[in-house]
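*Asks:* Compact mmCIF, C-alpha atoms, file upload.txt:
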# COMPACT_ATOMS: atom_id res chain seq x y z
CA MET P 143 9.82 -30.26 10.61
CA SER P 144 12.15 -27.29 10.81
CA ILE P 145 12.01 -25.17 7.63
CA ASP P 146 15.10 -23.20 6.65
CA VAL P 147 14.58 -19.79 5.04
CA ARG P 148 17.71 -18.39 3.42
CA PRO P 149 18.80 -15.62 1.04
CA SER P 150 18.35 -16.37 -2.65
CA GLN P 151 21.51 -17.28 -4.57
CA ASP P 152 19.94 -17.97 -7.98
CA ALA P 153 17.99 -15.12 -9.57
CA ASP P 154 16.73 -17.28 -12.44
CA ARG P 155 15.32 -19.92 -10.11
CA TYR P 156 13.77 -17.24 -7.91
CA LEU P 157 12.13 -15.66 -10.96
CA ALA P 158 10.94 -19.04 -12.25
CA THR P 159 9.21 -19.68 -8.90
CA ASP P 160 7.40 -16.35 -9.08
CA GLN P 161 6.29 -17.03 -12.65
CA LEU P 162 4.91 -20.44 -11.66
CA VAL P 163 3.05 -19.17 -8.60
CA TRP P 164 1.53 -16.17 -10.39
CA PHE P 165 1.19 -17.97 -13.77
CA GLY P 166 2.01 -14.85 -15.76
CA GLU P 167 3.48 -14.65 -19.22
CA VAL P 168 7.22 -15.33 -19.14
CA SER P 169 9.31 -12.75 -20.99
CA PRO P 170 12.92 -11.55 -21.08
CA SER P 171 11.81 -8.30 -19.45
CA ASP P 172 10.93 -10.12 -16.21
CA ALA P 173 14.60 -10.12 -15.24
CA ASP P 174 14.55 -6.32 -15.38
CA HIS P 175 11.44 -6.25 -13.20
CA LEU P 176 13.24 -8.36 -10.60
CA ARG P 177 16.41 -6.29 -10.79
CA LEU P 178 14.54 -3.02 -10.33
CA GLY P 179 11.91 -4.27 -7.94
CA ILE P 180 13.76 -6.11 -5.18
CA PRO P 181 17.40 -5.67 -4.07
CA GLU P 182 19.46 -8.85 -4.30
CA ASP P 183 19.93 -9.00 -0.52
CA GLN P 184 16.16 -8.78 0.03
CA ARG P 185 15.18 -12.00 -1.79
CA PHE P 186 14.56 -15.09 0.33
CA VAL P 187 13.74 -18.71 -0.46
CA VAL P 188 12.67 -22.05 1.02
CA ASP P 189 13.64 -25.48 -0.36
CA LEU P 190 11.83 -28.42 1.22
CA PRO P 191 13.43 -31.88 1.21
CA GLY P 192 12.21 -33.64 -1.92
CA GLY P 193 10.79 -30.38 -3.23
CA PRO P 194 11.02 -29.04 -6.80
CA ARG P 195 14.49 -28.70 -8.35
CA ASP P 196 14.00 -26.04 -11.00
CA THR P 197 12.05 -23.75 -8.68
CA HIS P 198 11.96 -23.11 -4.94
CA SER P 199 9.32 -24.37 -2.53
CA GLY P 200 8.63 -20.77 -1.55
CA ILE P 201 9.93 -17.24 -2.04
CA TYR P 202 9.41 -13.73 -0.69
CA GLY P 203 10.99 -10.35 -1.22
CA VAL P 204 11.21 -7.00 0.53
CA ARG P 205 11.20 -3.53 -1.00
CA PRO P 206 12.85 -0.84 1.16
CA MET P 207 10.24 1.93 1.26
CA GLN P 208 9.05 4.88 3.31
CA MET P 209 5.57 5.44 4.70
CA SER P 210 4.01 8.70 5.82
CA LEU P 211 2.72 8.47 9.39
CA PRO P 212 0.35 10.75 11.33
CA GLY P 213 2.39 13.80 12.26
CA GLY P 214 4.26 13.96 8.95
CA VAL P 215 7.11 11.54 9.64
CA LEU P 216 8.36 9.50 6.67
CA ALA P 217 9.36 6.27 8.37
CA PRO P 218 11.26 3.36 6.79
CA ILE P 219 9.14 0.25 6.27
CA ALA P 220 9.69 -3.24 4.92
CA GLY P 221 7.48 -3.53 1.85
CA LEU P 222 6.68 -7.26 1.75
CA THR P 223 6.12 -8.53 -1.79
CA TRP P 224 6.60 -11.47 -4.18
CA VAL P 225 5.32 -13.90 -1.55
CA GLY P 226 4.64 -17.27 -3.15
CA VAL P 227 4.47 -20.98 -2.32
CA HIS P 228 4.93 -23.65 -4.99
CA PRO P 229 1.58 -25.38 -5.72
CA ASP P 230 3.05 -28.76 -4.70
CA CYS P 231 4.29 -27.40 -1.36
CA ARG P 232 1.16 -25.85 0.08
CA ARG P 233 -0.13 -26.76 3.55
CA ARG P 234 3.35 -27.73 4.71
CA GLY P 235 4.27 -24.68 6.77
CA VAL P 236 6.25 -22.83 4.09
CA LEU P 237 4.32 -19.57 4.31
CA SER P 238 4.39 -19.56 8.12
CA ALA P 239 8.15 -20.11 8.08
CA MET P 240 8.70 -17.30 5.58
CA MET P 241 6.50 -14.85 7.48
CA THR P 242 8.22 -15.63 10.77
CA ASP P 243 11.60 -15.22 9.07
CA HIS P 244 10.55 -11.89 7.56
CA LEU P 245 9.47 -10.48 10.91
CA ALA P 246 12.70 -11.58 12.61
CA ARG P 247 14.89 -10.13 9.85
CA THR P 248 12.92 -6.88 9.82
CA ARG P 249 13.32 -6.46 13.56
CA GLU P 250 17.03 -7.29 13.38
CA ALA P 251 17.44 -4.61 10.68
CA GLY P 252 15.91 -2.04 13.03
CA THR P 253 12.75 -1.50 10.97
CA ALA P 254 9.65 -1.23 13.15
CA VAL P 255 6.91 -1.64 10.54
CA SER P 256 6.14 -4.02 7.67
CA ALA P 257 3.42 -3.37 5.10
CA LEU P 258 1.92 -5.12 2.10
CA HIS P 259 -0.91 -5.28 -0.43
CA ALA P 260 -2.77 -8.56 -0.05
CA SER P 261 -3.57 -10.72 -3.07
CA GLU P 262 -6.05 -12.65 -0.91
CA ALA P 263 -7.50 -10.75 2.02
CA ALA P 264 -7.91 -13.78 4.30
CA ILE P 265 -4.20 -14.61 4.47
CA TYR P 266 -2.25 -11.93 6.27
CA GLY P 267 -4.37 -11.20 9.30
CA ARG P 268 -3.19 -14.57 10.58
CA PHE P 269 0.34 -13.20 10.67
CA GLY P 270 -0.47 -9.98 12.49
CA TYR P 271 -1.19 -7.61 9.61
CA GLY P 272 -4.11 -5.26 10.09
CA LEU P 273 -6.16 -3.70 7.31
CA ALA P 274 -5.05 -0.09 7.79
CA VAL P 275 -6.35 1.66 4.65
CA LEU P 276 -9.46 1.35 2.50
CA THR P 277 -9.74 2.72 -1.01
CA HIS P 278 -12.52 3.52 -3.45
CA GLN P 279 -12.66 2.78 -7.17
CA VAL P 280 -14.80 5.51 -8.69
CA ASP P 281 -16.25 5.75 -12.21
CA VAL P 282 -17.35 9.16 -13.51
CA GLY P 283 -18.51 10.34 -16.90
CA ARG P 284 -16.72 12.67 -19.26
CA GLY P 285 -17.21 16.30 -18.32
CA THR P 286 -18.10 15.56 -14.72
CA THR P 287 -18.26 18.75 -12.66
CA PHE P 288 -16.13 19.10 -9.54
CA THR P 289 -17.36 21.86 -7.24
CA ALA P 290 -14.84 23.38 -4.81
CA PRO P 291 -15.56 27.12 -4.40
CA HIS P 292 -12.84 27.78 -1.84
CA LEU P 293 -10.12 26.15 -3.97
CA GLU P 294 -10.89 27.92 -7.25
CA HIS P 295 -8.35 30.71 -6.86
CA GLU P 296 -5.52 28.31 -5.97
CA ALA P 297 -6.49 25.79 -8.66
CA ALA P 298 -6.58 28.52 -11.31
CA ALA P 299 -2.85 29.08 -10.79
CA ILE P 300 -2.07 25.44 -11.66
CA THR P 301 -1.41 24.20 -15.19
CA THR P 302 -1.43 20.57 -16.32
CA THR P 303 0.77 18.84 -18.90
CA LEU P 304 0.49 15.34 -20.40
CA GLN P 305 3.63 13.24 -20.88
CA THR P 306 4.54 9.63 -21.54
CA MET P 307 5.47 7.94 -18.27
CA SER P 308 8.56 6.26 -19.74
CA ASP P 309 10.04 9.56 -20.98
CA PRO P 310 13.49 10.40 -19.56
CA GLY P 311 13.31 12.14 -16.22
CA VAL P 312 9.64 11.39 -15.55
CA ALA P 313 10.29 8.76 -12.86
CA GLU P 314 12.50 11.21 -10.97
CA ARG P 315 9.85 13.93 -11.18
CA MET P 316 7.13 11.57 -9.93
CA ARG P 317 9.23 10.50 -6.96
CA ALA P 318 10.06 14.11 -6.08
CA CYS P 319 6.34 14.92 -6.07
CA GLN P 320 5.62 11.95 -3.82
CA LEU P 321 8.35 12.88 -1.36
CA ALA P 322 7.09 16.47 -1.18
CA ALA P 323 3.41 15.58 -0.75
CA ALA P 324 3.63 12.45 1.44
CA PRO P 325 4.04 14.15 4.87
CA ASP P 326 0.59 15.72 4.48
CA PHE P 327 -1.06 12.40 3.60
CA PRO P 328 -0.53 9.65 6.22
CA GLY P 329 -0.56 6.25 4.56
CA ALA P 330 1.25 7.39 1.42
CA VAL P 331 4.12 5.05 0.52
CA VAL P 332 7.23 6.22 -1.33
CA GLY P 333 9.48 3.67 -3.01
CA SER P 334 13.13 3.86 -3.94
CA ALA P 335 14.40 5.47 -7.15
CA ASP P 336 14.57 1.98 -8.70
CA PHE P 337 10.95 1.35 -7.74
CA PHE P 338 9.84 4.47 -9.60
CA THR P 339 11.89 3.42 -12.61
CA LEU P 340 10.04 0.09 -12.46
CA MET P 341 6.70 1.92 -12.26
CA THR P 342 7.42 3.77 -15.48
CA TYR P 343 8.87 0.78 -17.37
CA GLU P 344 6.68 -1.25 -19.73
CA SER P 345 7.80 -4.26 -21.72
CA PRO P 346 6.54 -5.07 -25.22
CA GLU P 347 4.48 -7.89 -23.70
CA GLN P 348 2.74 -5.51 -21.31
CA LEU P 349 2.01 -3.06 -24.09
CA ARG P 350 0.45 -5.55 -26.46
CA GLY P 351 -2.67 -3.80 -27.73
CA LYS P 352 -2.41 -1.00 -25.17
CA GLU P 353 -1.41 2.62 -25.08
CA ARG P 354 1.75 3.49 -23.18
CA ARG P 355 1.00 4.80 -19.70
CA ARG P 356 0.80 8.56 -19.55
CA VAL P 357 1.22 10.96 -16.65
CA VAL P 358 -0.39 14.35 -16.12
CA PHE P 359 1.73 16.72 -14.07
CA ALA P 360 0.26 19.64 -12.14
CA ARG P 361 2.60 22.65 -12.15
CA ARG P 362 2.60 25.96 -10.34
CA ASP P 363 5.07 28.71 -11.31
CA GLY P 364 7.05 26.18 -13.35
CA THR P 365 7.38 23.66 -10.49
CA ASP P 366 5.75 20.22 -10.25
CA VAL P 367 3.19 20.12 -7.43
CA GLY P 368 1.41 16.86 -8.25
CA TYR P 369 0.67 14.17 -10.82
CA VAL P 370 -1.61 11.31 -11.76
CA GLY P 371 -0.81 8.36 -14.05
CA LEU P 372 -3.33 7.12 -16.59
CA ARG P 373 -3.97 4.93 -19.58
CA ARG P 374 -6.68 5.30 -22.23
CA GLU P 375 -8.56 2.51 -23.95
CA HIS P 376 -10.46 3.00 -27.22
CA ARG P 377 -14.08 1.98 -27.49
CA TRP P 378 -16.79 2.98 -29.95
CA THR P 379 -20.52 2.44 -29.32
CA ASN P 380 -23.08 3.24 -32.01
CA ALA P 381 -20.42 5.18 -33.93
CA ARG P 382 -19.73 7.33 -30.88
CA PRO P 383 -16.45 7.49 -28.94
CA SER P 384 -16.91 5.90 -25.51
CA GLY P 385 -13.41 4.99 -24.38
CA THR P 386 -12.24 4.59 -20.79
CA ALA P 387 -9.40 6.49 -19.13
CA THR P 388 -8.09 4.69 -16.05
CA ALA P 389 -6.24 6.91 -13.58
CA GLY P 390 -4.18 5.84 -10.57
CA ILE P 391 -3.42 7.59 -7.30
CA PHE P 392 -3.55 11.37 -7.27
CA CYS P 393 -0.41 12.91 -5.79
CA GLY P 394 -0.38 16.49 -4.53
CA GLY P 395 -2.35 18.86 -2.37
CA PRO P 396 -6.09 19.52 -2.76
CA ALA P 397 -5.75 22.27 -5.40
CA ALA P 398 -3.39 20.14 -7.49
CA ARG P 399 -5.76 17.17 -7.23
CA LEU P 400 -8.67 19.35 -8.30
CA ALA P 401 -6.80 20.55 -11.39
CA LEU P 402 -5.74 16.99 -12.23
CA ALA P 403 -9.24 15.56 -11.72
CA ARG P 404 -10.72 18.15 -14.05
CA ARG P 405 -8.12 17.33 -16.67
CA VAL P 406 -8.59 13.56 -16.63
CA VAL P 407 -12.38 13.78 -17.01
CA ASP P 408 -12.01 15.94 -20.11
CA LEU P 409 -9.94 13.76 -22.44
CA ASP P 410 -11.01 13.46 -26.07
CA LEU P 411 -12.73 10.24 -27.22
CA MET P 412 -13.37 9.09 -23.63
CA GLY P 413 -16.78 8.35 -22.18
CA THR P 414 -15.75 7.15 -18.72
CA THR P 415 -12.92 7.96 -16.34
CA ARG P 416 -12.09 5.28 -13.78
CA LEU P 417 -10.27 6.57 -10.70
CA GLU P 418 -8.68 3.48 -9.18
CA ASN P 419 -7.42 4.73 -5.80
CA VAL P 420 -9.55 7.33 -4.06
CA GLY P 421 -9.20 7.46 -0.29
CA LEU P 422 -12.22 7.36 2.03
CA ASP P 423 -11.80 11.05 2.88
CA ASP P 424 -10.39 12.19 -0.44
CA PRO P 425 -11.89 15.59 -1.33
CA LEU P 426 -12.98 14.20 -4.69
CA LEU P 427 -16.17 12.70 -3.27
CA GLY P 428 -17.04 16.04 -1.74
CA TRP P 429 -16.45 17.77 -5.07
CA LEU P 430 -18.93 15.34 -6.66
CA GLY P 431 -21.59 15.97 -4.05
CA GLY P 432 -21.29 12.49 -2.54
CA PRO P 433 -21.27 8.86 -3.72
CA ARG P 434 -24.34 9.27 -5.94
CA GLY P 435 -22.45 11.84 -7.95
CA THR P 436 -20.44 8.93 -9.35
CA GLY P 437 -21.37 6.45 -12.05
CA ASP P 438 -20.16 3.61 -9.85
CA LEU P 439 -18.25 3.29 -6.58
CA GLN P 440 -16.61 0.20 -5.11
CA THR P 441 -14.53 -0.21 -1.96
CA TRP P 442 -11.40 -2.34 -1.64
CA ASP P 443 -8.60 -2.95 0.83
CA SER P 444 -5.39 -1.03 0.18
CA THR P 445 -2.46 -1.14 2.65
CA TRP P 446 -2.05 -3.74 5.38
CA VAL P 447 0.27 -2.77 8.27
CA ARG P 448 2.19 -4.95 10.70
CA LEU P 449 3.89 -3.61 13.85
CA VAL P 450 7.12 -5.57 13.96
CA ASP P 451 8.60 -3.75 16.97
CA LEU P 452 5.68 -2.49 19.05
CA PRO P 453 7.43 0.09 21.28
CA ALA P 454 9.54 1.48 18.44
CA ALA P 455 6.55 1.75 16.12
CA TRP P 456 4.31 3.31 18.78
CA ALA P 457 6.75 6.20 19.22
CA LEU P 458 7.08 6.96 15.48
CA ARG P 459 3.72 8.62 14.88
CA SER P 460 1.83 11.45 16.55
CA TYR P 461 -1.57 11.14 18.23
CA GLU P 462 -4.55 13.49 18.18
CA GLY P 463 -5.86 12.34 21.56
CA ASP P 464 -4.47 11.25 24.90
CA CYS P 465 -4.65 7.77 26.36
CA ASP P 466 -3.10 5.65 29.09
CA VAL P 467 -4.09 1.99 28.81
CA VAL P 468 -2.55 -1.36 29.70
CA VAL P 469 -2.89 -3.81 26.85
CA GLU P 470 -2.30 -7.56 26.82
CA VAL P 471 -0.98 -8.11 23.29
CA GLU P 472 -1.27 -11.47 21.56
CA ASP P 473 1.41 -12.05 18.93
CA ARG P 474 2.29 -15.62 18.02
CA HIS P 475 4.60 -14.84 15.09
CA ALA P 476 6.61 -12.05 16.78
CA PRO P 477 6.74 -13.25 20.40
CA TRP P 478 8.87 -10.29 21.48
CA ASN P 479 5.72 -8.18 21.10
CA ALA P 480 3.53 -10.50 23.16
CA GLY P 481 2.64 -9.65 26.73
CA ARG P 482 1.53 -6.63 28.71
CA TRP P 483 2.28 -3.10 27.54
CA ARG P 484 1.36 0.30 28.88
CA LEU P 485 0.47 2.39 25.82
CA ARG P 486 0.47 6.12 26.48
CA CYS P 487 -0.17 9.19 24.34
CA SER P 488 0.13 12.70 25.68
CA GLY P 489 0.57 16.02 23.91
CA GLY P 490 0.75 14.22 20.57
CA ALA P 491 3.66 11.92 21.53
CA GLY P 492 3.39 8.23 22.32
CA ASN P 493 5.45 5.75 24.29
CA ALA P 494 5.08 2.06 25.10
CA GLY P 495 6.68 0.18 27.96
CA ARG P 496 6.43 -3.18 29.66
CA THR P 497 4.29 -3.35 32.79
CA ASP P 498 3.01 -5.78 35.40
CA SER P 499 -0.17 -3.77 35.98
CA PRO P 500 -3.53 -5.47 35.35
CA ALA P 501 -4.60 -5.39 31.71
CA ASP P 502 -7.33 -2.97 30.62
CA LEU P 503 -7.65 -4.75 27.24
CA THR P 504 -6.66 -7.92 25.46
CA LEU P 505 -6.17 -7.76 21.71
CA ALA P 506 -4.16 -9.27 18.87
CA ILE P 507 -1.32 -7.27 17.31
CA ASP P 508 -3.25 -6.85 14.02
CA VAL P 509 -5.67 -4.46 15.79
CA LEU P 510 -2.85 -2.01 16.47
CA GLY P 511 -1.63 -2.35 12.89
CA ALA P 512 -5.11 -1.61 11.56
CA GLY P 513 -5.25 1.65 13.52
CA PHE P 514 -1.63 2.68 13.12
CA LEU P 515 -2.23 5.11 10.24
CA GLY P 516 -5.38 6.63 11.74
CA HIS P 517 -8.11 4.36 10.34
CA SER P 518 -10.95 3.88 12.84
CA ILE P 519 -10.76 0.64 14.82
CA GLY P 520 -13.54 1.49 17.31
CA ALA P 521 -16.04 -1.06 15.96
CA ARG P 522 -13.77 -4.02 16.73
CA LEU P 523 -14.92 -4.10 20.33
CA ARG P 524 -18.56 -4.34 19.25
CA ALA P 525 -17.56 -7.05 16.77
CA GLY P 526 -16.06 -9.17 19.55
CA LEU P 527 -12.49 -8.89 18.24
CA VAL P 528 -11.20 -7.14 21.38
CA ARG P 529 -11.72 -8.03 25.05
CA GLU P 530 -12.17 -5.06 27.38
CA HIS P 531 -11.44 -5.48 31.11
CA ARG P 532 -11.87 -1.82 32.12
CA PRO P 533 -14.97 -0.16 30.67
CA GLY P 534 -14.07 2.67 28.31
CA ALA P 535 -10.42 1.66 27.91
CA TYR P 536 -10.76 0.57 24.30
CA GLY P 537 -12.58 3.74 23.33
CA GLU P 538 -9.72 5.72 24.87
CA LEU P 539 -7.19 3.82 22.79
CA ALA P 540 -9.19 3.90 19.55
CA ARG P 541 -9.86 7.64 19.77
CA ALA P 542 -6.19 8.40 20.42
CA MET P 543 -5.07 6.41 17.38
CA ARG P 544 -7.70 7.79 15.02
CA THR P 545 -6.85 10.77 12.80
CA LEU P 546 -9.15 13.56 11.66
CA VAL P 547 -8.93 12.34 8.05
CA ALA P 548 -8.74 8.68 6.99
CA PRO P 549 -5.31 7.53 5.75
CA GLU P 550 -4.24 7.68 2.13
CA PRO P 551 -4.23 4.58 -0.13
CA SER P 552 -0.82 3.53 -1.40
CA ILE P 553 0.32 2.39 -4.80
CA GLY P 554 0.56 -1.37 -5.22
CA PHE P 555 3.96 -2.82 -4.36
Now that the file is in, can you turn its structure into structure tokens?

*Replies:*
Amino acid sequence: MSIDVRPSQDADRYLATDQLVWFGEVSPSDADHLRLGIPEDQRFVVDLPGGPRDTHSGIYGVRPMQMSLPGGVLAPIAGLTWVGVHPDCRRRGVLSAMMTDHLARTREAGTAVSALHASEAAIYGRFGYGLAVLTHQVDVGRGTTFTAPHLEHEAAAITTTLQTMSDPGVAERMRACQLAAAPDFPGAVVGSADFFTLMTYESPEQLRGKERRRVVFARRDGTDVGYVGLRREHRWTNARPSGTATAGIFCGGPAARLALARRVVDLDLMGTTRLENVGLDDPLLGWLGGPRGTGDLQTWDSTWVRLVDLPAAWALRSYEGDCDVVVEVEDRHAPWNAGRWRLRCSGGAGNAGRTDSPADLTLAIDVLGAGFLGHSIGARLRAGLVREHRPGAYGELARAMRTLVAPEPSIGF
């Protein structure tokens, strides 16, 4: 059966489908979330014959965003989001049709890369997305010491100020910080102005029993150089304050992050600070003396990356090593990528072109997505996920794609 995917023409029905799939509380503020979150021309739907009338059989949306790539380029990406299939329409090809449609539309728009955060990790590898970034969730106690002797002078020049995230002008300041810092942190994702307004907006339903989200800005000479968002939660144990402060992604350079980290672990009435998005090579773990300097540490997947247009994407980033390999690429959902490519990197620049030469490797497109931001993909050969025809060819490719420091987690979108 051919499944038609088309632009949404009914915002209320689109929203109702999302609310059914994600079974969240329905509120008047949801319309504002939709308006700010996804442009009208980036909402797409499926209606199966005999399917539901008040909702769609499936929906997806795209946020126009930018991603920092190795080398400092901020490249446009398609931020895939709001993907959902009606419970009565599962196992009928709706998701496959929507994903294929998304890749075709993204390529037609001239965008080489799609990215997402996966609700269920087993889903998106099937459609060519590779797990490109890992993130830590770290718990530390109040008053935790961060030791960074060679940053002390720079950090001493930074002041920190606490504000409410929904205050006028805060969204604009946060976005400006992200744009300034992102080139130094491959993997960082920067949303549109509307996306940052959405980040700072909280409805009465969201706030029920909670503090408004706060933001701590790091400032040097009167200029914002970083920030971290947080929310505090009261708790008292044996008549002692033991609340939890939950902080999101740190934005800014190392000295700004050091000043912010020291501030968020020294909040009154808190016993624990939970840092929700700490990259694998974030300096914070070094400041703590390693993983056992934390109260608890867990690892999760962050950003998944999909190369929609292989040659265009390959040329966007820089490379820290040289390689010249012929790769047989398997790509069922974007057949224009499938086939034999000569992937070259030299002097930091990369190019990809079609070739009839014998393949050195055979791999699925998700492998290249997983390594696109610099995350190590070397172990995939040992795991049997790559087939090597010329000994050493995969190591050449994996070393060229890897960056000195692991890529940065991105905020959920």

*Asks:* List the spatial neighbours of segment 193-203 of chain P as JSON, numbers by chain - criterion: any atom at most 10 Å away, all atoms listed in the file, same-chain residues fewer than 6 positions off excluded.

*Replies:* {"P": [147, 148, 149, 150, 152, 154, 155, 156, 157, 158, 159, 160, 161, 162, 163, 176, 179, 180, 181, 182, 183, 184, 185, 186, 187, 220, 221, 222, 223, 224, 225, 226, 227, 228, 229, 230, 231, 232, 234, 236, 237, 239, 240, 241, 244]}

*Asks:* Using Å and a single decimal, report how far atom CA of Tyr369 of chain P sits from atom CA of Phe288 of chain P.

*Replies:*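 Between atom CA of Phe288 of chain P and atom CA of Tyr369 of chain P the gap is 17.6 Å.
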
*Asks:* What's the 8 Å shell around Leu245 of chain P, counting all atoms listed in the file, without same-chain residues fewer than 3 positions away, as JSON, numbers by chain?

*Replies:* {"P": [241, 242, 248, 249, 256, 450, 475, 476]}

*Asks:* Which polymer residues have any atom within 7 Å of an atom of segment 384-399 of chain P, counting only C-alpha atoms, with same-chain residues fewer than 5 positions away left out, as number ranges by chain?

*Replies:* P: 293, 296-297, 300, 320, 323, 360, 367-379, 411-420, 553

*Asks:* Any chance you could export the current selection's C-alpha atoms as a short mmCIF file (atom, residue, chain, number, x, y, z; two decimals), keeping the file's coordinate frame?

*Replies:*
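Contents of part.cif, as written:
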data_model
loop_
_atom_site.label_atom_id
_atom_site.label_comp_id
_atom_site.auth_asym_id
_atom_site.auth_seq_id
_atom_site.Cartn_x
_atom_site.Cartn_y
_atom_site.Cartn_z
CA LEU P 293 -10.12 26.15 -3.97
CA GLU P 296 -5.52 28.31 -5.97
CA ALA P 297 -6.49 25.79 -8.66
CA ILE P 300 -2.07 25.44 -11.66
CA GLN P 320 5.62 11.95 -3.82
CA ALA P 323 3.41 15.58 -0.75
CA ALA P 360 0.26 19.64 -12.14
CA VAL P 367 3.19 20.12 -7.43
CA GLY P 368 1.41 16.86 -8.25
CA TYR P 369 0.67 14.17 -10.82
CA VAL P 370 -1.61 11.31 -11.76
CA GLY P 371 -0.81 8.36 -14.05
CA LEU P 372 -3.33 7.12 -16.59
CA ARG P 373 -3.97 4.93 -19.58
CA ARG P 374 -6.68 5.30 -22.23
CA GLU P 375 -8.56 2.51 -23.95
CA HIS P 376 -10.46 3.00 -27.22
CA ARG P 377 -14.08 1.98 -27.49
CA TRP P 378 -16.79 2.98 -29.95
CA THR P 379 -20.52 2.44 -29.32
CA LEU P 411 -12.73 10.24 -27.22
CA MET P 412 -13.37 9.09 -23.63
CA GLY P 413 -16.78 8.35 -22.18
CA THR P 414 -15.75 7.15 -18.72
CA THR P 415 -12.92 7.96 -16.34
CA ARG P 416 -12.09 5.28 -13.78
CA LEU P 417 -10.27 6.57 -10.70
CA GLU P 418 -8.68 3.48 -9.18
CA ASN P 419 -7.42 4.73 -5.80
CA VAL P 420 -9.55 7.33 -4.06
CA ILE P 553 0.32 2.39 -4.80
#

*Asks:* Quote the spacing between atom CA of Trp456 of chain P and atom CA of Arg522 of chain P in Å to one decimal place.

*Replies:*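 So the answer is 19.6 Å.
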
*Asks:* Which residue, P:Ser169, P:Gly421, P:Ala525, P:Val275, has the smallest gap to Ser345 of chain P when you use only C-alpha atoms?

*Replies:* P:Ser169

*Asks:* From the options P:Thr339, P:Gln305, P:Ser210, P:Gln348, which residue's atoms come nearest to Ser460 of chain P, counting all atoms listed in the file?

*Replies:*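 Looking only at the distances to Ser460 of chain P, the closest residue turns out to be P:Ser210.
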
*Asks:* Point out the residue among P:Pro500, P:Gly463, P:Gly214, P:Pro433 with the least atom-to-atom distance to Val280 of chain P, counting only C-alpha atoms.

*Replies:*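 That would be P:Pro433, the residue with the smallest distance to Val280 of chain P.
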
*Asks:* Separation of atom CA of Ala217 of chain P and atom CA of Arg361 of chain P, in Å?

*Replies:* 27.1 Å

*Asks:* Between P:Ala257, P:Cys487, P:Leu503, P:Val509, single out the one closest to Thr445 of chain P, counting all atoms listed in the file.

*Replies:*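 Nearest candidate to Thr445 of chain P out of P:Ala257, P:Cys487, P:Leu503, P:Val509: P:Ala257.
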
*Asks:* My list of candidates is P:Ala298, P:Ala274, P:Val357, P:Ala330. Which is closest to Val447 of chain P when distances are computed with all atoms listed in the file?

*Replies:*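 The closest residue to Val447 of chain P is P:Ala274.
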
*Asks:* Pull the neighbourhood of (-0.8, -10.8, 12.6) for me: all residues within 7 Å in file coordinates, counting only C-alpha atoms, as a list in words.

*Replies:* Tyr266, Gly267, Arg268, Phe269, Gly270, Tyr271, Gly272, Arg448, Asp473, Ile507 and Asp508 of chain P

*Asks:* Looking at all atoms listed in the file, which of P:Leu510, P:Leu458, P:Val467, P:Ala494 is the one that sits closest to Glu538 of chain P?

*Replies:*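 Of the candidates, the smallest distance to Glu538 of chain P is held by P:Val467.
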
*Asks:* Give me, as a ChimeraX atom specification, all polymer residues having an atom no more than 9 Å from Tyr461 of chain P, counting all atoms listed in the file and skipping those fewer than 4 positions away in the same chain.

*Replies:* /P:212-213,487-492,516,542-545

*Asks:* Please identify all polymer residues within 10 Å of segment 517-521 of chain P, counting only C-alpha atoms, omitting same-chain residues fewer than 3 positions from it, and present them as a tab-separated table (two decimals) with C-alpha atoms, in the frame of the given file.

*Replies:*
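Output file out.tsv is given in full below:
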chain	number	residue	atom	x	y	z
P	273	LEU	CA	-6.16	-3.70	7.31
P	274	ALA	CA	-5.05	-0.09	7.79
P	275	VAL	CA	-6.35	1.66	4.65
P	276	LEU	CA	-9.46	1.35	2.50
P	329	GLY	CA	-0.56	6.25	4.56
P	422	LEU	CA	-12.22	7.36	2.03
P	509	VAL	CA	-5.67	-4.46	15.79
P	510	LEU	CA	-2.85	-2.01	16.47
P	511	GLY	CA	-1.63	-2.35	12.89
P	512	ALA	CA	-5.11	-1.61	11.56
P	513	GLY	CA	-5.25	1.65	13.52
P	514	PHE	CA	-1.63	2.68	13.12
P	524	ARG	CA	-18.56	-4.34	19.25
P	525	ALA	CA	-17.56	-7.05	16.77
P	526	GLY	CA	-16.06	-9.17	19.55
P	527	LEU	CA	-12.49	-8.89	18.24
P	528	VAL	CA	-11.20	-7.14	21.38
P	536	TYR	CA	-10.76	0.57	24.30
P	537	GLY	CA	-12.58	3.74	23.33
P	538	GLU	CA	-9.72	5.72	24.87
P	539	LEU	CA	-7.19	3.82	22.79
P	540	ALA	CA	-9.19	3.90	19.55
P	541	ARG	CA	-9.86	7.64	19.77
P	543	MET	CA	-5.07	6.41	17.38
P	544	ARG	CA	-7.70	7.79	15.02
P	545	THR	CA	-6.85	10.77	12.80
P	546	LEU	CA	-9.15	13.56	11.66
P	547	VAL	CA	-8.93	12.34	8.05
P	548	ALA	CA	-8.74	8.68	6.99
P	549	PRO	CA	-5.31	7.53	5.75
P	550	GLU	CA	-4.24	7.68	2.13
